[in-house]
Amino acid sequence: MSATVQDAISQVPAWTGRRVELLPMTGGLSHQVAHLRVDGVDQVLRVLDPAVAQAGLGVPLEQEIANTVVAAESGAGPGVLHILPELPALVLEYLPGRTLNFDDTREPGRIPLLAAACRRLHAAPRPFVNEFDIFAKQRQLLEICRRHELTLFEDYLDHLGLARKLAAVLGADPLPARPCHNDLLAENFIAEPGGIRIVDYQLSGTGDPGFELGNICAEGQFDPERVALLADAYFGEHSPRLTARVRLFQAMSDFTWTLWFCIHHGLLSKPGSTFDYWGEAAGKWGRAKAALTDPGLGRLLQLAH
């Protein structure tokens, strides 16, 4: 059973005898997240649910904590104020900027800022403590689905051969591995006057930055023009090869995270939850299937070599 926000509040030694206010905050599909004001100073409490990692939907919690610290060192992530490993929980710097939404990430003028945020994270002074590979993650999630006999979309397995083909092409000459977030939906970006910050390192790991960009494109449902804009801004050049790699990783993001939502729906759905995990899985699978059956896929594979 996971700890509660009140459990965590009571166990921060630095807060003994201080006024701690609990303020409204949205967010947190897997873990509990709370906005606190401690003697007038805003902070964020993140209480980690062990069931998420146990179900394969996040990295082991000690790795998430360690990577959150590295992300803070890069300046891309919020500062880490307190660590409560026994719960486990984190107290983080409150970022007073605006949480982005789906439409925000698609604005052409903001896309270069997303690229800059990724470059900042990827330039962290040290790597994350674990590795991340989207193809290995798909295999892991698929095994979890099989073990628990979870419902999948009836034609999902028919496309696994394409995943192997993408893995062969993208793994033949990978980009240098960098500390990557790997779950860059809009709500994990916070816009501040000095740039965009990145929160929530539940799926973080050192891996191919091409997947990081492809994941942004998948979550924002980017068309090819937006994909090229993001790739050009990140790499500082227009490269058909690099853009093709990002587009292939975009398809692989939707292909793999379809399983994430199937597992959450089948194993971790809670009574009273209003989030439609199965509907999210269906949307991702629809976009992945469209990309994997697109007549232009062969051309992308050629360009990505």
# chains A, B, ... in the order shown; residues from 1 in each chain; ligands from 1
call {"tool": "residues_around", "arguments": {"residues": "range 82-87 of chain A", "least_positions_apart": "6", "cutoff": "12 Å", "atoms": "only C-alpha atoms", "output": "count of residues only"}}
result
32
call {"tool": "select_by_dssp", "arguments": {"residues": "range 66-281 of chain A", "states": "helix (DSSP H, G or I)", "output": "NGL selection string"}}
result
:A and (66-74 or 102-106 or 111-122 or 134-147 or 157-172 or 186-188 or 209-219 or 224-235 or 240-268 or 277-281)
call {"tool": "closest_residue", "arguments": {"among": "A:Arg226, A:Phe135, A:Gly194, A:His265", "to": "Met252 in chain A", "atoms": "only C-alpha atoms"}}
result
A:Phe135
call {"tool": "closest_atom_pairs", "arguments": {"of": "range 82-164 of chain A", "to": "range 211-214 of chain A", "cutoff": "9 Å", "atoms": "only C-alpha atoms", "output": "Markdown table"}}
result
| residue | atom | partner | partner_atom | distance |
| --- | --- | --- | --- | --- |
| A:Ala115 | CA | A:Leu213 | CA | 7.8 |
| A:Cys118 | CA | A:Glu212 | CA | 7.9 |
| A:Asp133 | CA | A:Phe211 | CA | 8.8 |
| A:Ile134 | CA | A:Phe211 | CA | 7.7 |
call {"tool": "residues_around", "arguments": {"residues": "range 141-155 of chain A", "least_positions_apart": "4", "cutoff": "12 Å", "atoms": "only C-alpha atoms", "output": "PyMOL selection string"}}
result
chain A and resi 53-58+134-137+159-160+255-268+278-279+281-286+288-289
call {"tool": "closest_residue", "arguments": {"among": "A:Glu131, A:Asp42, A:Asp294, A:Asp103", "to": "Phe222 in chain A", "atoms": "only C-alpha atoms"}}
result
A:Asp103
call {"tool": "select_by_dssp", "arguments": {"residues": "range 45-247 of chain A", "states": "strand (DSSP E or B)", "output": "MDAnalysis selection string"}}
result
chainID A and resid 45:47 80:84 89:93 98:99 131 178:180 189:192 195:198 205:207
call {"tool": "write_last_selection", "arguments": {"atoms": "C-alpha atoms", "output": "mmCIF file, in the first residue's frame"}}
result
data_model
loop_
_atom_site.group_PDB
_atom_site.id
_atom_site.type_symbol
_atom_site.label_atom_id
_atom_site.label_comp_id
_atom_site.auth_asym_id
_atom_site.auth_seq_id
_atom_site.Cartn_x
_atom_site.Cartn_y
_atom_site.Cartn_z
ATOM 1 C CA LEU A 45 5.410 16.764 -2.667
ATOM 2 C CA ARG A 46 5.613 13.678 -4.853
ATOM 3 C CA VAL A 47 4.613 10.442 -3.099
ATOM 4 C CA VAL A 80 15.191 18.389 -4.965
ATOM 5 C CA LEU A 81 14.636 19.729 -1.438
ATOM 6 C CA HIS A 82 14.021 16.549 0.576
ATOM 7 C CA ILE A 83 14.172 12.810 -0.098
ATOM 8 C CA LEU A 84 12.154 10.345 1.993
ATOM 9 C CA ALA A 89 8.640 10.439 -1.516
ATOM 10 C CA LEU A 90 10.325 13.578 -2.823
ATOM 11 C CA VAL A 91 9.890 17.225 -1.948
ATOM 12 C CA LEU A 92 10.641 19.375 -4.975
ATOM 13 C CA GLU A 93 11.055 23.009 -5.865
ATOM 14 C CA ARG A 98 2.433 27.574 -16.564
ATOM 15 C CA THR A 99 1.860 23.886 -17.232
ATOM 16 C CA GLU A 131 19.455 2.692 -19.299
ATOM 17 C CA ARG A 178 21.910 10.933 -23.084
ATOM 18 C CA PRO A 179 19.821 11.273 -19.906
ATOM 19 C CA CYS A 180 16.288 11.163 -21.327
ATOM 20 C CA PHE A 189 6.533 20.788 -19.464
ATOM 21 C CA ILE A 190 6.399 23.923 -17.310
ATOM 22 C CA ALA A 191 6.911 27.251 -19.106
ATOM 23 C CA GLU A 192 8.848 29.833 -17.095
ATOM 24 C CA GLY A 195 12.634 28.736 -20.563
ATOM 25 C CA ILE A 196 10.798 25.431 -20.265
ATOM 26 C CA ARG A 197 11.401 23.032 -17.378
ATOM 27 C CA ILE A 198 10.634 19.300 -17.283
ATOM 28 C CA GLY A 205 16.757 6.553 -18.309
ATOM 29 C CA THR A 206 19.878 7.090 -20.371
ATOM 30 C CA GLY A 207 19.025 6.424 -23.997
#
call {"tool": "residues_around", "arguments": {"residues": "Val20 in chain A", "least_positions_apart": "6", "cutoff": "9 Å", "atoms": "only C-alpha atoms", "output": "list in words"}}
result
Ile9, Leu36, Arg37, Val38, Asp39 and Gly40 of chain A
call {"tool": "residues_around", "arguments": {"residues": "His305 in chain A", "least_positions_apart": "5", "cutoff": "12 Å", "atoms": "only C-alpha atoms", "output": "tab-separated table (two decimals) with N, CA, C and O atoms, in the first residue's frame"}}
result
chain	number	residue	atom	x	y	z
A	165	LYS	N	12.03	-4.56	-37.28
A	165	LYS	CA	12.68	-3.88	-38.40
A	165	LYS	C	13.13	-2.48	-37.99
A	165	LYS	O	14.25	-2.05	-38.31
A	166	LEU	N	12.27	-1.77	-37.25
A	166	LEU	CA	12.64	-0.44	-36.76
A	166	LEU	C	13.84	-0.54	-35.82
A	166	LEU	O	14.75	0.30	-35.86
A	167	ALA	N	13.84	-1.56	-34.97
A	167	ALA	CA	14.95	-1.73	-34.02
A	167	ALA	C	16.27	-1.96	-34.76
A	167	ALA	O	17.32	-1.42	-34.36
A	168	ALA	N	16.22	-2.73	-35.83
A	168	ALA	CA	17.44	-3.01	-36.59
A	168	ALA	C	17.98	-1.74	-37.24
A	168	ALA	O	19.19	-1.48	-37.22
A	169	VAL	N	17.08	-0.93	-37.80
A	169	VAL	CA	17.51	0.30	-38.48
A	169	VAL	C	18.01	1.33	-37.47
A	169	VAL	O	19.10	1.90	-37.62
A	170	LEU	N	17.23	1.59	-36.43
A	170	LEU	CA	17.57	2.65	-35.48
A	170	LEU	C	18.71	2.24	-34.55
A	170	LEU	O	19.40	3.09	-34.00
A	171	GLY	N	18.90	0.93	-34.37
A	171	GLY	CA	19.98	0.47	-33.49
A	171	GLY	C	21.30	0.28	-34.20
A	171	GLY	O	22.33	0.07	-33.55
A	172	ALA	N	21.31	0.37	-35.53
A	172	ALA	CA	22.55	0.13	-36.27
A	172	ALA	C	23.57	1.22	-36.05
A	172	ALA	O	24.78	0.97	-36.01
A	173	ASP	N	23.13	2.46	-35.94
A	173	ASP	CA	24.05	3.59	-35.75
A	173	ASP	C	23.38	4.62	-34.83
A	173	ASP	O	23.02	5.71	-35.26
A	174	PRO	N	23.21	4.25	-33.56
A	174	PRO	CA	22.44	5.13	-32.66
A	174	PRO	C	23.18	6.41	-32.33
A	174	PRO	O	24.41	6.49	-32.44
A	240	PRO	N	17.72	15.17	-43.25
A	240	PRO	CA	16.67	14.20	-43.56
A	240	PRO	C	16.83	12.89	-42.80
A	240	PRO	O	15.83	12.28	-42.39
A	241	ARG	N	18.08	12.47	-42.58
A	241	ARG	CA	18.30	11.22	-41.83
A	241	ARG	C	17.82	11.35	-40.39
A	241	ARG	O	17.11	10.47	-39.89
A	242	LEU	N	18.22	12.43	-39.72
A	242	LEU	CA	17.84	12.59	-38.32
A	242	LEU	C	16.34	12.79	-38.17
A	242	LEU	O	15.72	12.27	-37.24
A	243	THR	N	15.75	13.53	-39.10
A	243	THR	CA	14.30	13.73	-39.05
A	243	THR	C	13.57	12.42	-39.26
A	243	THR	O	12.56	12.14	-38.59
A	244	ALA	N	14.06	11.59	-40.17
A	244	ALA	CA	13.45	10.28	-40.39
A	244	ALA	C	13.53	9.42	-39.14
A	244	ALA	O	12.58	8.70	-38.79
A	245	ARG	N	14.67	9.47	-38.45
A	245	ARG	CA	14.81	8.71	-37.20
A	245	ARG	C	13.77	9.17	-36.19
A	245	ARG	O	13.15	8.34	-35.50
A	248	LEU	N	10.37	7.77	-37.05
A	248	LEU	CA	10.26	6.34	-36.73
A	248	LEU	C	10.10	6.15	-35.23
A	248	LEU	O	9.31	5.30	-34.78
A	298	GLY	N	8.56	2.73	-45.77
A	298	GLY	CA	9.78	2.21	-46.37
A	298	GLY	C	10.78	3.30	-46.68
A	298	GLY	O	11.98	3.12	-46.48
A	299	ARG	N	10.28	4.44	-47.16
A	299	ARG	CA	11.16	5.57	-47.46
A	299	ARG	C	11.83	6.09	-46.20
A	299	ARG	O	13.03	6.42	-46.19
A	300	LEU	N	11.07	6.16	-45.09
A	300	LEU	CA	11.65	6.61	-43.82
A	300	LEU	C	12.74	5.65	-43.37
A	300	LEU	O	13.79	6.10	-42.87
call {"tool": "closest_residue", "arguments": {"among": "A:Glu21, A:Asp158, A:Glu219, A:Asp276", "to": "Leu292 in chain A", "atoms": "only C-alpha atoms"}}
result
A:Asp158
call {"tool": "atom_distance", "arguments": {"atom1": "CA of Ser253 in chain A", "atom2": "CA of Ala186 in chain A"}}
result
14.7 Å
call {"tool": "closest_residue", "arguments": {"among": "A:His35, A:His181, A:Arg247, A:Arg106", "to": "Gly220 in chain A", "atoms": "only C-alpha atoms"}}
result
A:Arg106
call {"tool": "residues_around", "arguments": {"residues": "Ala123 in chain A", "least_positions_apart": "2", "cutoff": "8 Å", "atoms": "only C-alpha atoms", "output": "ChimeraX atom specification"}}
result
/A:74,119-121,125,178-179
call {"tool": "write_last_selection", "arguments": {"atoms": "C-alpha atoms", "output": "CSV table (one decimal), in the first residue's frame"}}
result
chain,number,residue,atom,x,y,z
A,74,SER,CA,21.0,19.9,-15.2
A,119,ARG,CA,19.1,19.8,-24.9
A,120,ARG,CA,19.4,21.2,-21.3
A,121,LEU,CA,18.4,17.9,-19.8
A,125,PRO,CA,26.6,16.6,-15.8
A,178,ARG,CA,21.9,10.9,-23.1
A,179,PRO,CA,19.8,11.3,-19.9
call {"tool": "residues_around", "arguments": {"residues": "range 228-234 of chain A", "least_positions_apart": "3", "cutoff": "7 Å", "atoms": "only C-alpha atoms", "output": "list in words"}}
result
Ile111, Pro112, Ala115, Ala116, Arg119, Pro224, Glu225, Glu237, His238 and Thr243 of chain A
call {"tool": "write_last_selection", "arguments": {"atoms": "N, CA and C atoms", "output": "mmCIF file, in the first residue's frame"}}
result
data_model
loop_
_atom_site.group_PDB
_atom_site.id
_atom_site.type_symbol
_atom_site.label_atom_id
_atom_site.label_comp_id
_atom_site.auth_asym_id
_atom_site.auth_seq_id
_atom_site.Cartn_x
_atom_site.Cartn_y
_atom_site.Cartn_z
ATOM 1 N N ILE A 111 7.893 25.189 -30.344
ATOM 2 C CA ILE A 111 8.595 23.923 -30.567
ATOM 3 C C ILE A 111 10.114 24.050 -30.372
ATOM 4 N N PRO A 112 10.782 25.124 -30.844
ATOM 5 C CA PRO A 112 12.211 25.251 -30.550
ATOM 6 C C PRO A 112 12.520 25.345 -29.056
ATOM 7 N N ALA A 115 12.737 21.868 -27.776
ATOM 8 C CA ALA A 115 14.038 21.305 -28.144
ATOM 9 C C ALA A 115 15.124 21.794 -27.197
ATOM 10 N N ALA A 116 15.082 23.082 -26.845
ATOM 11 C CA ALA A 116 16.091 23.640 -25.935
ATOM 12 C C ALA A 116 15.993 22.999 -24.558
ATOM 13 N N ARG A 119 17.671 19.638 -24.812
ATOM 14 C CA ARG A 119 19.132 19.778 -24.857
ATOM 15 C C ARG A 119 19.691 20.057 -23.462
ATOM 16 N N PRO A 224 4.415 15.848 -40.152
ATOM 17 C CA PRO A 224 5.828 15.829 -40.552
ATOM 18 C C PRO A 224 6.512 17.192 -40.486
ATOM 19 N N GLU A 225 5.788 18.280 -40.743
ATOM 20 C CA GLU A 225 6.404 19.608 -40.700
ATOM 21 C C GLU A 225 6.819 19.964 -39.267
ATOM 22 N N GLU A 237 20.581 21.674 -37.310
ATOM 23 C CA GLU A 237 20.769 21.522 -38.743
ATOM 24 C C GLU A 237 19.551 20.816 -39.319
ATOM 25 N N HIS A 238 19.380 20.933 -40.616
ATOM 26 C CA HIS A 238 18.325 20.175 -41.272
ATOM 27 C C HIS A 238 18.940 18.910 -41.844
ATOM 28 N N THR A 243 15.746 13.531 -39.100
ATOM 29 C CA THR A 243 14.301 13.730 -39.047
ATOM 30 C C THR A 243 13.570 12.417 -39.257
#
call {"tool": "atom_distance", "arguments": {"atom1": "CA of Asp200 in chain A", "atom2": "CA of Ala124 in chain A"}}
result
16.0 Å
call {"tool": "decode", "arguments": {"residues": "range 186-197 of chain A", "atoms": "all heavy atoms", "output": "short mmCIF file (atom, residue, chain, number, x, y, z; two decimals), in the first residue's frame"}}
result
data_model
loop_
_atom_site.label_atom_id
_atom_site.label_comp_id
_atom_site.auth_asym_id
_atom_site.auth_seq_id
_atom_site.Cartn_x
_atom_site.Cartn_y
_atom_site.Cartn_z
N ALA A 186 2.49 16.90 -22.80
CA ALA A 186 2.49 18.35 -22.58
C ALA A 186 2.56 18.72 -21.11
O ALA A 186 3.27 19.66 -20.72
CB ALA A 186 1.22 18.95 -23.20
N GLU A 187 1.84 17.97 -20.26
CA GLU A 187 1.75 18.34 -18.85
C GLU A 187 3.05 18.16 -18.09
O GLU A 187 3.15 18.60 -16.93
CB GLU A 187 0.63 17.53 -18.18
CG GLU A 187 -0.77 17.91 -18.63
CD GLU A 187 -1.14 17.36 -19.99
OE1 GLU A 187 -0.39 16.53 -20.55
OE2 GLU A 187 -2.21 17.78 -20.52
N ASN A 188 4.06 17.55 -18.69
CA ASN A 188 5.36 17.44 -18.03
C ASN A 188 6.30 18.59 -18.40
O ASN A 188 7.47 18.59 -18.01
CB ASN A 188 6.01 16.10 -18.36
CG ASN A 188 5.36 14.96 -17.59
OD1 ASN A 188 4.79 15.18 -16.51
ND2 ASN A 188 5.42 13.75 -18.13
N PHE A 189 5.79 19.57 -19.15
CA PHE A 189 6.53 20.79 -19.46
C PHE A 189 5.95 21.96 -18.67
O PHE A 189 4.73 22.16 -18.68
CB PHE A 189 6.43 21.12 -20.96
CG PHE A 189 7.20 20.21 -21.87
CD1 PHE A 189 6.54 19.43 -22.81
CD2 PHE A 189 8.58 20.15 -21.82
CE1 PHE A 189 7.24 18.61 -23.68
CE2 PHE A 189 9.30 19.34 -22.68
CZ PHE A 189 8.62 18.56 -23.60
N ILE A 190 6.81 22.72 -18.04
CA ILE A 190 6.40 23.92 -17.31
C ILE A 190 7.11 25.12 -17.94
O ILE A 190 8.35 25.16 -17.99
CB ILE A 190 6.77 23.86 -15.82
CG1 ILE A 190 6.28 22.54 -15.18
CG2 ILE A 190 6.22 25.08 -15.07
CD1 ILE A 190 4.79 22.41 -15.10
N ALA A 191 6.34 26.07 -18.46
CA ALA A 191 6.91 27.25 -19.11
C ALA A 191 7.18 28.33 -18.07
O ALA A 191 6.27 28.77 -17.37
CB ALA A 191 5.96 27.77 -20.18
N GLU A 192 8.43 28.75 -17.98
CA GLU A 192 8.85 29.83 -17.09
C GLU A 192 9.45 30.94 -17.94
O GLU A 192 9.79 30.72 -19.11
CB GLU A 192 9.89 29.33 -16.08
CG GLU A 192 9.36 28.30 -15.11
CD GLU A 192 10.39 27.99 -14.03
OE1 GLU A 192 11.60 27.93 -14.35
OE2 GLU A 192 9.99 27.81 -12.89
N PRO A 193 9.63 32.14 -17.37
CA PRO A 193 10.22 33.23 -18.15
C PRO A 193 11.59 32.89 -18.72
O PRO A 193 11.95 33.33 -19.82
CB PRO A 193 10.31 34.37 -17.13
CG PRO A 193 9.20 34.09 -16.18
CD PRO A 193 9.14 32.61 -16.06
N GLY A 194 12.37 32.06 -18.02
CA GLY A 194 13.71 31.71 -18.48
C GLY A 194 13.77 30.51 -19.40
O GLY A 194 14.87 30.10 -19.81
N GLY A 195 12.64 29.92 -19.71
CA GLY A 195 12.63 28.74 -20.56
C GLY A 195 11.67 27.69 -20.04
O GLY A 195 10.91 27.94 -19.10
N ILE A 196 11.71 26.52 -20.62
CA ILE A 196 10.80 25.43 -20.27
C ILE A 196 11.52 24.42 -19.39
O ILE A 196 12.65 24.02 -19.68
CB ILE A 196 10.23 24.77 -21.53
CG1 ILE A 196 9.31 25.76 -22.26
CG2 ILE A 196 9.49 23.49 -21.20
CD1 ILE A 196 8.75 25.24 -23.56
N ARG A 197 10.86 24.04 -18.30
CA ARG A 197 11.40 23.03 -17.38
C ARG A 197 10.63 21.73 -17.56
O ARG A 197 9.52 21.71 -18.11
CB ARG A 197 11.28 23.52 -15.94
CG ARG A 197 11.85 24.90 -15.67
CD ARG A 197 13.36 24.91 -15.55
NE ARG A 197 13.83 24.25 -14.34
CZ ARG A 197 13.86 24.82 -13.12
NH1 ARG A 197 13.41 26.06 -12.95
NH2 ARG A 197 14.33 24.17 -12.08
#
